[in-house]
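J.: mmCIF, C-alpha atoms, saved as entry.cif, coming up:
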```
data_entry
#
loop_
_atom_site.group_PDB
_atom_site.id
_atom_site.type_symbol
_atom_site.label_atom_id
_atom_site.label_comp_id
_atom_site.auth_asym_id
_atom_site.auth_seq_id
_atom_site.Cartn_x
_atom_site.Cartn_y
_atom_site.Cartn_z
ATOM 1 C CA MET A 215 -18.474 -6.084 31.926
ATOM 2 C CA THR A 216 -20.480 -2.889 32.155
ATOM 3 C CA PHE A 217 -19.822 0.371 30.406
ATOM 4 C CA LEU A 218 -20.911 3.898 31.056
ATOM 5 C CA SER A 219 -23.435 4.881 28.456
ATOM 6 C CA ILE A 220 -23.176 8.108 26.503
ATOM 7 C CA GLN A 221 -24.200 11.228 28.369
ATOM 8 C CA ALA A 222 -24.726 13.711 25.628
ATOM 9 C CA GLN A 223 -24.159 17.340 26.584
ATOM 10 C CA GLU A 224 -24.125 16.556 30.294
ATOM 11 C CA ASP A 225 -20.916 18.373 31.155
ATOM 12 C CA THR A 226 -21.009 21.276 28.744
ATOM 13 C CA VAL A 227 -22.445 24.676 29.467
ATOM 14 C CA ALA A 228 -24.385 25.178 26.320
ATOM 15 C CA ALA A 229 -26.418 28.373 26.236
ATOM 16 C CA VAL A 230 -29.158 26.754 24.281
ATOM 17 C CA ASP A 231 -29.110 23.033 24.684
ATOM 18 C CA THR A 232 -31.136 21.699 21.845
ATOM 19 C CA LEU A 233 -29.361 18.397 21.618
ATOM 20 C CA SER A 234 -30.115 16.631 24.904
ATOM 21 C CA ASP A 235 -33.797 16.360 24.212
ATOM 22 C CA SER A 236 -33.201 15.208 20.702
ATOM 23 C CA TYR A 237 -30.757 12.532 21.793
ATOM 24 C CA GLU A 238 -32.984 11.306 24.584
ATOM 25 C CA GLY A 239 -35.774 10.938 22.101
ATOM 26 C CA TRP A 240 -33.467 9.385 19.531
ATOM 27 C CA GLU A 241 -34.696 5.926 18.691
ATOM 28 C CA GLY A 242 -31.183 4.629 18.145
ATOM 29 C CA THR A 243 -30.528 4.738 21.894
ATOM 30 C CA ALA A 244 -33.534 2.561 22.669
ATOM 31 C CA GLY A 245 -32.492 -0.840 23.960
ATOM 32 C CA PHE A 246 -28.893 0.308 24.291
ATOM 33 C CA GLU A 247 -28.442 -1.792 27.447
ATOM 34 C CA ASP A 248 -29.401 -4.876 25.475
ATOM 35 C CA ALA A 249 -26.963 -4.131 22.656
ATOM 36 C CA SER A 250 -23.947 -6.383 22.127
ATOM 37 C CA ILE A 251 -20.850 -5.824 24.224
ATOM 38 C CA PHE A 252 -18.987 -4.425 21.199
ATOM 39 C CA VAL A 253 -21.597 -1.767 20.571
ATOM 40 C CA GLN A 254 -21.604 -0.823 24.240
ATOM 41 C CA ALA A 255 -17.806 -0.651 24.371
ATOM 42 C CA ALA A 256 -17.586 1.485 21.241
ATOM 43 C CA ALA A 257 -20.208 3.917 22.574
ATOM 44 C CA SER A 258 -18.758 4.129 26.074
ATOM 45 C CA TYR A 259 -16.195 6.348 27.713
ATOM 46 C CA ASP A 260 -13.823 3.382 28.052
ATOM 47 C CA LEU A 261 -12.029 4.508 24.950
ATOM 48 C CA ILE A 262 -8.837 2.633 25.796
ATOM 49 C CA PHE A 263 -10.454 -0.342 24.052
ATOM 50 C CA ILE A 264 -10.836 1.712 20.918
ATOM 51 C CA VAL A 265 -7.222 2.884 21.171
ATOM 52 C CA LEU A 266 -6.138 -0.723 21.637
ATOM 53 C CA GLY A 267 -8.232 -1.820 18.659
ATOM 54 C CA VAL A 268 -6.784 0.832 16.364
ATOM 55 C CA SER A 269 -3.238 0.109 17.573
ATOM 56 C CA LEU A 270 -3.695 -3.599 16.960
ATOM 57 C CA ILE A 271 -5.065 -2.975 13.454
ATOM 58 C CA ILE A 272 -2.004 -0.832 12.625
ATOM 59 C CA TRP A 273 0.305 -3.446 14.138
ATOM 60 C CA PHE A 274 -1.309 -6.308 12.210
ATOM 61 C CA ILE A 275 -1.050 -4.417 8.925
ATOM 62 C CA LEU A 276 2.631 -3.699 9.614
ATOM 63 C CA LEU A 277 3.142 -7.340 10.540
ATOM 64 C CA PHE A 278 1.428 -8.454 7.331
ATOM 65 C CA PHE A 279 3.848 -6.421 5.227
ATOM 66 C CA ILE A 280 6.898 -7.485 7.257
ATOM 67 C CA ILE A 281 6.004 -11.149 6.768
ATOM 68 C CA ARG A 282 5.252 -10.619 3.071
ATOM 69 C CA VAL A 283 8.556 -8.857 2.383
ATOM 70 C CA ASP A 284 10.425 -11.490 4.397
ATOM 71 C CA LYS A 285 8.859 -14.270 2.293
ATOM 72 C CA LYS A 286 9.580 -12.436 -0.942
ATOM 73 C CA VAL A 287 13.254 -12.022 -0.036
ATOM 74 C CA GLY A 288 13.305 -15.714 0.871
ATOM 75 C CA ARG A 289 11.919 -16.604 -2.556
ATOM 76 C CA LEU A 290 14.601 -14.495 -4.271
ATOM 77 C CA GLU A 291 17.281 -16.205 -2.200
ATOM 78 C CA ASP A 292 15.948 -19.596 -3.316
ATOM 79 C CA GLU A 293 15.982 -18.523 -6.953
ATOM 80 C CA ILE A 294 19.578 -17.336 -6.736
ATOM 81 C CA GLN A 295 20.545 -20.554 -5.002
ATOM 82 C CA GLN A 296 18.897 -22.610 -7.740
ATOM 83 C CA SER A 297 20.477 -20.638 -10.562
ATOM 84 C CA GLN A 298 23.879 -21.005 -8.899
ATOM 85 C CA ASN A 299 23.366 -24.747 -8.509
ATOM 86 C CA SER A 300 22.312 -25.180 -12.134
ATOM 87 C CA SER A 301 25.227 -23.109 -13.429
ATOM 88 C CA SER A 302 27.689 -25.082 -11.310
ATOM 89 C CA HIS A 303 26.303 -28.322 -12.796
ATOM 90 C CA GLU A 304 26.840 -27.021 -16.296
ATOM 91 C CA THR A 305 30.506 -26.287 -15.803
ATOM 92 C CA MET B 59 10.374 -20.750 1.671
ATOM 93 C CA SER B 60 8.608 -20.345 4.984
ATOM 94 C CA LEU B 61 9.503 -18.047 7.840
ATOM 95 C CA LYS B 62 11.720 -19.170 10.665
ATOM 96 C CA PRO B 63 9.657 -20.110 13.748
ATOM 97 C CA TRP B 64 11.205 -17.444 15.988
ATOM 98 C CA LYS B 65 9.669 -14.768 13.793
ATOM 99 C CA TYR B 66 6.178 -16.058 14.519
ATOM 100 C CA ILE B 67 7.057 -16.050 18.218
ATOM 101 C CA VAL B 68 8.109 -12.380 17.939
ATOM 102 C CA ALA B 69 4.820 -11.546 16.174
ATOM 103 C CA VAL B 70 2.694 -13.202 18.853
ATOM 104 C CA TRP B 71 4.891 -11.872 21.674
ATOM 105 C CA LEU B 72 4.578 -8.249 20.573
ATOM 106 C CA THR B 73 0.837 -8.611 19.979
ATOM 107 C CA VAL B 74 0.452 -9.807 23.563
ATOM 108 C CA VAL B 75 2.699 -6.978 24.802
ATOM 109 C CA ILE B 76 0.628 -4.331 22.966
ATOM 110 C CA ALA B 77 -2.647 -5.765 24.261
ATOM 111 C CA ALA B 78 -1.335 -6.081 27.827
ATOM 112 C CA GLY B 79 0.168 -2.601 27.655
ATOM 113 C CA PHE B 80 -3.251 -1.089 27.044
ATOM 114 C CA LEU B 81 -5.317 -3.416 29.212
ATOM 115 C CA ILE B 82 -3.451 -3.918 32.490
ATOM 116 C CA PRO B 83 -4.648 -1.727 35.330
ATOM 117 C CA ILE B 84 -1.917 0.734 36.264
ATOM 118 C CA PRO B 85 -1.625 2.765 39.437
ATOM 119 C CA GLU B 86 -2.578 6.423 39.306
ATOM 120 C CA ILE B 87 0.612 8.454 39.138
ATOM 121 C CA ASP B 88 0.532 12.249 39.420
ATOM 122 C CA ILE B 89 0.869 14.085 36.078
ATOM 123 C CA LEU B 90 1.546 10.864 34.182
ATOM 124 C CA GLN B 91 -1.907 9.293 34.597
ATOM 125 C CA GLU B 92 -2.672 6.953 31.680
ATOM 126 C CA SER B 93 0.263 8.345 29.701
ATOM 127 C CA ALA B 94 2.459 6.158 31.929
ATOM 128 C CA ARG B 95 1.645 3.407 29.439
ATOM 129 C CA ASN B 96 3.960 5.180 27.010
ATOM 130 C CA LEU B 97 6.775 3.700 29.121
ATOM 131 C CA PHE B 98 6.176 0.424 27.258
ATOM 132 C CA LEU B 99 6.898 2.085 23.923
ATOM 133 C CA HIS B 100 9.183 5.062 24.494
ATOM 134 C CA VAL B 101 11.916 3.460 26.620
ATOM 135 C CA PRO B 102 12.196 0.183 24.641
ATOM 136 C CA MET B 103 12.603 2.269 21.456
ATOM 137 C CA TRP B 104 15.810 3.799 22.829
ATOM 138 C CA PHE B 105 17.076 0.479 24.197
ATOM 139 C CA THR B 106 16.479 -1.124 20.801
ATOM 140 C CA MET B 107 18.200 1.757 19.061
ATOM 141 C CA ALA B 108 21.214 1.401 21.343
ATOM 142 C CA VAL B 109 21.430 -2.337 20.624
ATOM 143 C CA CYS B 110 21.197 -1.755 16.851
ATOM 144 C CA PHE B 111 23.792 1.020 16.851
ATOM 145 C CA ALA B 112 26.114 -1.100 18.981
ATOM 146 C CA GLY B 113 25.749 -3.919 16.453
ATOM 147 C CA GLY B 114 26.427 -1.527 13.584
ATOM 148 C CA PHE B 115 29.507 -0.230 15.422
ATOM 149 C CA ILE B 116 30.888 -3.759 15.815
ATOM 150 C CA TYR B 117 30.316 -4.626 12.143
ATOM 151 C CA SER B 118 31.898 -1.350 11.058
ATOM 152 C CA ILE B 119 35.052 -2.176 13.023
ATOM 153 C CA LYS B 120 34.931 -5.674 11.549
ATOM 154 C CA TYR B 121 34.703 -4.194 8.087
ATOM 155 C CA LEU B 122 37.756 -2.027 8.663
ATOM 156 C CA ASN B 123 39.632 -5.113 9.842
ATOM 157 C CA ASN B 124 38.505 -7.306 6.983
ATOM 158 C CA PRO B 125 36.778 -5.569 4.054
ATOM 159 C CA ASP B 126 33.958 -7.906 3.092
ATOM 160 C CA PRO B 127 30.821 -6.451 1.423
ATOM 161 C CA ALA B 128 28.547 -8.639 3.593
ATOM 162 C CA THR B 129 29.935 -7.003 6.762
ATOM 163 C CA ASP B 130 29.169 -3.589 5.310
ATOM 164 C CA PHE B 131 25.594 -4.713 4.548
ATOM 165 C CA LYS B 132 25.215 -5.850 8.143
ATOM 166 C CA ALA B 133 26.519 -2.547 9.514
ATOM 167 C CA GLU B 134 24.289 -0.513 7.188
ATOM 168 C CA SER B 135 21.152 -2.588 7.908
ATOM 169 C CA LEU B 136 21.634 -2.419 11.667
ATOM 170 C CA THR B 137 22.171 1.336 11.501
ATOM 171 C CA GLN B 138 19.027 1.754 9.391
ATOM 172 C CA VAL B 139 16.902 -0.183 11.880
ATOM 173 C CA GLY B 140 18.538 1.680 14.773
ATOM 174 C CA LEU B 141 17.730 5.045 13.208
ATOM 175 C CA LEU B 142 14.128 3.940 12.635
ATOM 176 C CA PHE B 143 13.731 3.065 16.306
ATOM 177 C CA GLY B 144 15.526 6.235 17.371
ATOM 178 C CA ILE B 145 13.077 8.351 15.366
ATOM 179 C CA CYS B 146 10.187 6.398 16.916
ATOM 180 C CA GLY B 147 11.735 7.153 20.322
ATOM 181 C CA LEU B 148 11.831 10.868 19.490
ATOM 182 C CA ILE B 149 8.208 10.833 18.323
ATOM 183 C CA THR B 150 6.915 8.919 21.363
ATOM 184 C CA GLY B 151 8.981 11.207 23.591
ATOM 185 C CA SER B 152 7.596 14.339 21.957
ATOM 186 C CA LEU B 153 4.064 13.006 22.364
ATOM 187 C CA TRP B 154 4.713 12.198 26.004
ATOM 188 C CA ALA B 155 6.175 15.666 26.577
ATOM 189 C CA ARG B 156 3.011 17.225 25.155
ATOM 190 C CA PHE B 157 0.844 15.565 27.791
ATOM 191 C CA THR B 158 3.168 15.824 30.795
ATOM 192 C CA TRP B 159 5.251 18.968 30.228
ATOM 193 C CA GLY B 160 2.671 20.722 28.052
ATOM 194 C CA SER B 161 4.758 21.202 24.940
ATOM 195 C CA TRP B 162 5.706 19.079 21.930
ATOM 196 C CA TRP B 163 9.290 20.256 22.027
ATOM 197 C CA THR B 164 11.157 22.050 24.805
ATOM 198 C CA PHE B 165 14.286 23.763 23.526
ATOM 199 C CA ALA B 166 15.660 24.141 27.053
ATOM 200 C CA GLU B 167 15.541 20.373 27.508
ATOM 201 C CA PRO B 168 19.040 18.977 26.886
ATOM 202 C CA ARG B 169 17.976 15.366 26.472
ATOM 203 C CA MET B 170 15.523 16.155 23.677
ATOM 204 C CA ASN B 171 17.911 18.322 21.723
ATOM 205 C CA LEU B 172 20.886 16.039 22.164
ATOM 206 C CA SER B 173 18.936 12.958 21.124
ATOM 207 C CA ALA B 174 17.706 14.815 18.038
ATOM 208 C CA LEU B 175 21.326 15.760 17.356
ATOM 209 C CA ALA B 176 22.364 12.114 17.699
ATOM 210 C CA MET B 177 19.717 11.120 15.155
ATOM 211 C CA MET B 178 20.997 13.800 12.773
ATOM 212 C CA ILE B 179 24.536 12.423 13.081
ATOM 213 C CA TYR B 180 23.153 9.068 11.964
ATOM 214 C CA VAL B 181 21.173 10.668 9.142
ATOM 215 C CA ALA B 182 24.515 12.100 8.008
ATOM 216 C CA TYR B 183 25.819 8.518 7.841
ATOM 217 C CA PHE B 184 23.278 7.729 5.120
ATOM 218 C CA VAL B 185 23.863 11.033 3.343
ATOM 219 C CA LEU B 186 27.580 10.238 3.353
ATOM 220 C CA ARG B 187 26.909 6.812 1.849
ATOM 221 C CA THR B 188 25.109 8.337 -1.118
ATOM 222 C CA ALA B 189 28.152 10.486 -1.906
ATOM 223 C CA PHE B 190 30.235 7.583 -3.242
ATOM 224 C CA ASP B 191 29.751 5.532 -6.386
ATOM 225 C CA ASN B 192 32.550 3.090 -5.623
ATOM 226 C CA PRO B 193 31.111 0.513 -3.184
ATOM 227 C CA GLU B 194 34.443 -0.227 -1.491
ATOM 228 C CA GLN B 195 35.218 3.433 -0.938
ATOM 229 C CA ARG B 196 31.677 4.014 0.317
ATOM 230 C CA ALA B 197 31.847 1.092 2.726
ATOM 231 C CA LYS B 198 35.213 2.148 4.128
ATOM 232 C CA ILE B 199 34.367 5.835 4.674
ATOM 233 C CA ALA B 200 30.943 4.881 6.063
ATOM 234 C CA ALA B 201 32.551 2.448 8.502
ATOM 235 C CA VAL B 202 34.941 5.134 9.758
ATOM 236 C CA PHE B 203 32.057 7.577 10.145
ATOM 237 C CA ASN B 204 29.977 4.968 11.943
ATOM 238 C CA VAL B 205 32.729 4.423 14.512
ATOM 239 C CA PHE B 206 32.667 8.163 15.202
ATOM 240 C CA ALA B 207 28.842 8.294 15.284
ATOM 241 C CA ALA B 208 28.531 5.358 17.674
ATOM 242 C CA THR B 209 31.033 6.853 20.104
ATOM 243 C CA THR B 210 28.956 10.037 20.373
ATOM 244 C CA ILE B 211 25.848 8.108 21.465
ATOM 245 C CA PRO B 212 26.821 7.424 25.112
ATOM 246 C CA PHE B 213 27.816 11.076 25.533
ATOM 247 C CA LEU B 214 24.813 12.625 23.808
ATOM 248 C CA LEU B 215 22.179 10.331 25.298
ATOM 249 C CA TYR B 216 23.610 9.439 28.656
ATOM 250 C CA ILE B 217 26.536 11.400 30.043
ATOM 251 C CA ILE B 218 25.796 15.031 29.074
ATOM 252 C CA PRO B 219 22.020 14.987 29.856
ATOM 253 C CA ARG B 220 22.825 13.702 33.339
ATOM 254 C CA GLN B 221 25.083 16.682 34.034
ATOM 255 C CA LEU B 222 22.480 19.280 33.108
ATOM 256 C CA PRO B 223 19.231 20.295 34.799
ATOM 257 C CA SER B 224 16.399 18.497 33.067
ATOM 258 C CA LEU B 225 12.750 17.610 33.428
ATOM 259 C CA HIS B 226 13.406 14.247 31.868
ATOM 260 C CA PRO B 227 13.741 11.358 34.360
ATOM 261 C CA GLY B 228 17.346 10.276 34.732
ATOM 262 C CA ALA B 229 18.724 13.586 35.967
ATOM 263 C CA GLU B 230 19.839 14.584 39.468
ATOM 264 C CA GLY B 231 17.264 13.581 42.112
ATOM 265 C CA ASN B 232 14.901 12.267 39.456
ATOM 266 C CA PRO B 233 15.726 8.635 38.736
ATOM 267 C CA ALA B 234 14.661 7.241 35.377
ATOM 268 C CA PHE B 235 13.767 3.807 36.584
ATOM 269 C CA SER B 236 14.096 2.809 40.194
ATOM 270 C CA GLU B 237 12.358 1.207 43.154
ATOM 271 C CA ILE B 238 9.659 3.899 42.887
ATOM 272 C CA THR B 239 8.604 2.528 39.506
ATOM 273 C CA ALA B 240 5.403 0.564 40.060
ATOM 274 C CA PRO B 241 5.860 -3.210 39.756
ATOM 275 C CA GLU B 242 2.761 -3.444 37.520
ATOM 276 C CA LEU B 243 4.560 -1.400 34.892
ATOM 277 C CA ARG B 244 7.536 -3.745 34.973
ATOM 278 C CA TYR B 245 5.446 -6.790 34.024
ATOM 279 C CA VAL B 246 4.884 -5.265 30.604
ATOM 280 C CA PHE B 247 8.018 -3.123 30.354
ATOM 281 C CA TYR B 248 10.619 -5.923 30.375
ATOM 282 C CA PRO B 249 8.738 -8.117 27.853
ATOM 283 C CA ALA B 250 8.315 -4.999 25.681
ATOM 284 C CA VAL B 251 12.085 -4.386 25.710
ATOM 285 C CA VAL B 252 12.724 -8.004 24.699
ATOM 286 C CA GLY B 253 9.964 -7.883 22.065
ATOM 287 C CA PHE B 254 11.124 -4.686 20.379
ATOM 288 C CA ILE B 255 14.753 -5.813 20.319
ATOM 289 C CA ALA B 256 13.616 -9.089 18.730
ATOM 290 C CA LEU B 257 11.537 -7.125 16.203
ATOM 291 C CA SER B 258 14.575 -5.014 15.335
ATOM 292 C CA ILE B 259 16.616 -8.178 14.735
ATOM 293 C CA TRP B 260 13.852 -9.404 12.436
ATOM 294 C CA LEU B 261 13.815 -6.132 10.474
ATOM 295 C CA TYR B 262 17.615 -6.192 10.294
ATOM 296 C CA ASP B 263 17.488 -9.762 8.995
ATOM 297 C CA ILE B 264 15.116 -8.751 6.163
ATOM 298 C CA LEU B 265 17.186 -5.699 5.215
ATOM 299 C CA TYR B 266 20.483 -7.592 5.292
ATOM 300 C CA ARG B 267 19.164 -10.464 3.179
ATOM 301 C CA TYR B 268 17.631 -8.005 0.726
ATOM 302 C CA LYS B 269 20.973 -6.228 0.295
ATOM 303 C CA LYS B 270 22.788 -9.528 -0.142
ATOM 304 C CA VAL B 271 20.320 -10.695 -2.797
ATOM 305 C CA LYS B 272 20.670 -7.380 -4.613
ATOM 306 C CA TYR B 273 24.459 -7.662 -4.491
ATOM 307 C CA GLN B 274 24.421 -11.251 -5.775
ATOM 308 C CA LEU B 275 22.132 -10.291 -8.668
ATOM 309 C CA GLU B 276 24.436 -7.415 -9.567
ATOM 310 C CA GLN B 277 27.410 -9.785 -9.498
ATOM 311 C CA GLN B 278 25.600 -12.252 -11.752
ATOM 312 C CA ARG B 279 24.745 -9.523 -14.233
ATOM 313 C CA ALA B 280 28.278 -8.145 -14.307
#
```
Translate the structure described by the file into structure tokens.
T.:
Amino acid sequence: MTFLSIQAQEDTVAAVDTLSDSYEGWEGTAGFEDASIFVQAAASYDLIFIVLGVSLIIWFILLFFIIRVDKKVGRLEDEIQQSQNSSSHET
Amino acid sequence: MSLKPWKYIVAVWLTVVIAAGFLIPIPEIDILQESARNLFLHVPMWFTMAVCFAGGFIYSIKYLNNPDPATDFKAESLTQVGLLFGICGLITGSLWARFTWGSWWTFAEPRMNLSALAMMIYVAYFVLRTAFDNPEQRAKIAAVFNVFAATTIPFLLYIIPRQLPSLHPGAEGNPAFSEITAPELRYVFYPAVVGFIALSIWLYDILYRYKKVKYQLEQQRA
């Protein structure tokens, strides 16, 4: 899988473009092609992966709480069941 | 107590649907572009809402036939989940409108306004419920109101918008979902409908059981 690398300031009409030179000389971009696929994806224009990642994080957090509440209600049901059973034994 | 297996299936199913919804290549459609992926969220929201409201309608009639608190809990829980999905449908629709029609809300658009009105009718259901302290009275009045609210849904969301000029698909000469819909979209759309309806049943199940537990505890205390 290949990703388009960042093209800083390429498409903008900046009157004084002081950034392009700085970014080209920025040491952080050195060896970018050798970086891991995650780093390349996050720094690319293929942002649908980022959108997917964020959506999945939100979904998993929601899922975590749904499952937790479901289990808690289940535990309460068990407790009520047990207390009913014990009270029916007493009488 | 562990979860029922079908709930894990729903969790995995929807995870796959979300991932596939973002990752599958879709054809380039004029105006829609990548926002066509919203089809997998927006339309299932309304389908799920319709299923939930229909369920609530049935339980409300059941309650009027045979007043049992559990039936009222079922009707209330289903209506709550339905309203949640309806609001999600409004939000996804508004977002979609922003990127295709250029505006978050179009006041000339009958389908938007009427669906918002339908949601407000259902909000009134919950406001009405808070007005009664006596649970039997509350359940009975709420059931009557719910029968009225559910009967407005087909008119507000389906019949009237189709009679009026509208940008929204599903009006004259602008089919909502037809043979022009790309087959690639269908591969995710149908599983998404199934997944969101299953999720709504799960949420309903939690809400209903919670209400029952609360009721039982109140009975024990009394």
J.: If you measure from atom CA of B:Thr137 to atom CA of B:Arg220, what distance in Å do you get, rounded to one decimal?
T.: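 Between these atoms lies a distance of 25.1 Å.
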J.: Between chain A and chain B, at 7 Å or less, what are the per-residue closest atom pairs and their distances in Å? Count only C-alpha atoms, order by chain and rising residue number, and return it as JSON lines.
T.:
```
{"residue": "A:Ile262", "atom": "CA", "partner": "B:Phe80", "partner_atom": "CA", "distance": 6.8}
{"residue": "A:Leu266", "atom": "CA", "partner": "B:Phe80", "partner_atom": "CA", "distance": 6.1}
{"residue": "A:Asp284", "atom": "CA", "partner": "B:Ile264", "partner_atom": "CA", "distance": 5.7}
{"residue": "A:Lys285", "atom": "CA", "partner": "B:Ser60", "partner_atom": "CA", "distance": 6.6}
{"residue": "A:Val287", "atom": "CA", "partner": "B:Tyr268", "partner_atom": "CA", "distance": 6.0}
{"residue": "A:Gly288", "atom": "CA", "partner": "B:Met59", "partner_atom": "CA", "distance": 5.9}
{"residue": "A:Arg289", "atom": "CA", "partner": "B:Met59", "partner_atom": "CA", "distance": 6.1}
{"residue": "A:Glu291", "atom": "CA", "partner": "B:Val271", "partner_atom": "CA", "distance": 6.3}
```
J.: Suppose you want the space between atom CA of B:Ala200 and atom CA of B:Phe213; what is it in Å?
T.: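 Those two atoms sit 20.7 Å apart.
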J.: Could you pull the residues within 12 Å of B:Ile149, counting all atoms listed in the file, minus those fewer than 4 positions along the same chain, as a list of chain:residue names?
T.: B:Asn96, B:Leu99, B:His100, B:Val101, B:Met103, B:Trp104, B:Leu142, B:Phe143, B:Gly144, B:Ile145, B:Leu153, B:Trp154, B:Ala155, B:Arg156, B:Trp162, B:Trp163, B:Met170, B:Ser173, B:Ala174, B:Met177
J.: Please compute the atom CA of B:Phe131-atom CA of B:Leu175 distance, one decimal, in Å.
T.: 24.5 Å
J.: Here is a test: counting all atoms listed in the file, which residue of B:Pro249, B:Pro241, B:Pro212, B:Pro102 is nearest to B:Gly151?
T.: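 Going through B:Pro249, B:Pro241, B:Pro212, B:Pro102 one by one, the smallest distance to B:Gly151 is for B:Pro102.
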J.: Please write as a PDB file with C-alpha atoms, in the coordinates of the input the full residue list that the PyMOL selection byres ((chain B and resi 176) around 9) yields on this file.
T.:
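Writing done, so here's result-v8.pdb:
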```pdb
ATOM      1  CA  ASN B 171      17.911  18.322  21.723  1.00  0.00           C
ATOM      2  CA  LEU B 172      20.886  16.039  22.164  1.00  0.00           C
ATOM      3  CA  SER B 173      18.936  12.958  21.124  1.00  0.00           C
ATOM      4  CA  ALA B 174      17.706  14.815  18.038  1.00  0.00           C
ATOM      5  CA  LEU B 175      21.326  15.760  17.356  1.00  0.00           C
ATOM      6  CA  MET B 177      19.717  11.120  15.155  1.00  0.00           C
ATOM      7  CA  MET B 178      20.997  13.800  12.773  1.00  0.00           C
ATOM      8  CA  ILE B 179      24.536  12.423  13.081  1.00  0.00           C
ATOM      9  CA  TYR B 180      23.153   9.068  11.964  1.00  0.00           C
ATOM     10  CA  VAL B 181      21.173  10.668   9.142  1.00  0.00           C
ATOM     11  CA  ALA B 207      28.842   8.294  15.284  1.00  0.00           C
ATOM     12  CA  THR B 210      28.956  10.037  20.373  1.00  0.00           C
ATOM     13  CA  ILE B 211      25.848   8.108  21.465  1.00  0.00           C
ATOM     14  CA  LEU B 214      24.813  12.625  23.808  1.00  0.00           C
ATOM     15  CA  LEU B 215      22.179  10.331  25.298  1.00  0.00           C
TER      16      LEU B 215
END
```
J.: Hey, could you pull the box centre and edge lengths for stretch 292-305 of chain A, axis-aligned, 6 Å padding per side, all listed atoms, to one decimal in Å, as AutoDock Vina command-line options?
T.:
```
--center_x 23.2 --center_y -22.8 --center_z -9.8 --size_x 26.6 --size_y 23.0 --size_z 25.0
```
J.: With only C-alpha atoms as the basis for distance, which of B:Ser258, B:Ala166, B:Thr239, B:Tyr121 is at the shortest distance from B:Ile87?
T.: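 Answer, going by the shortest atom-to-atom distance: B:Thr239.
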J.: Out of B:Ile259, B:Ala94, B:Ala240, B:Val246, which residue has the shortest atom-to-atom distance to B:Gln138 when counting all atoms listed in the file?
T.: B:Ile259
J.: Tell me which of B:Arg169, B:Thr106, B:Ile89, B:Ser118 sits closest to B:Ser152, counting all atoms listed in the file.
T.: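 Closest residue, counting all atoms listed in the file: B:Arg169.
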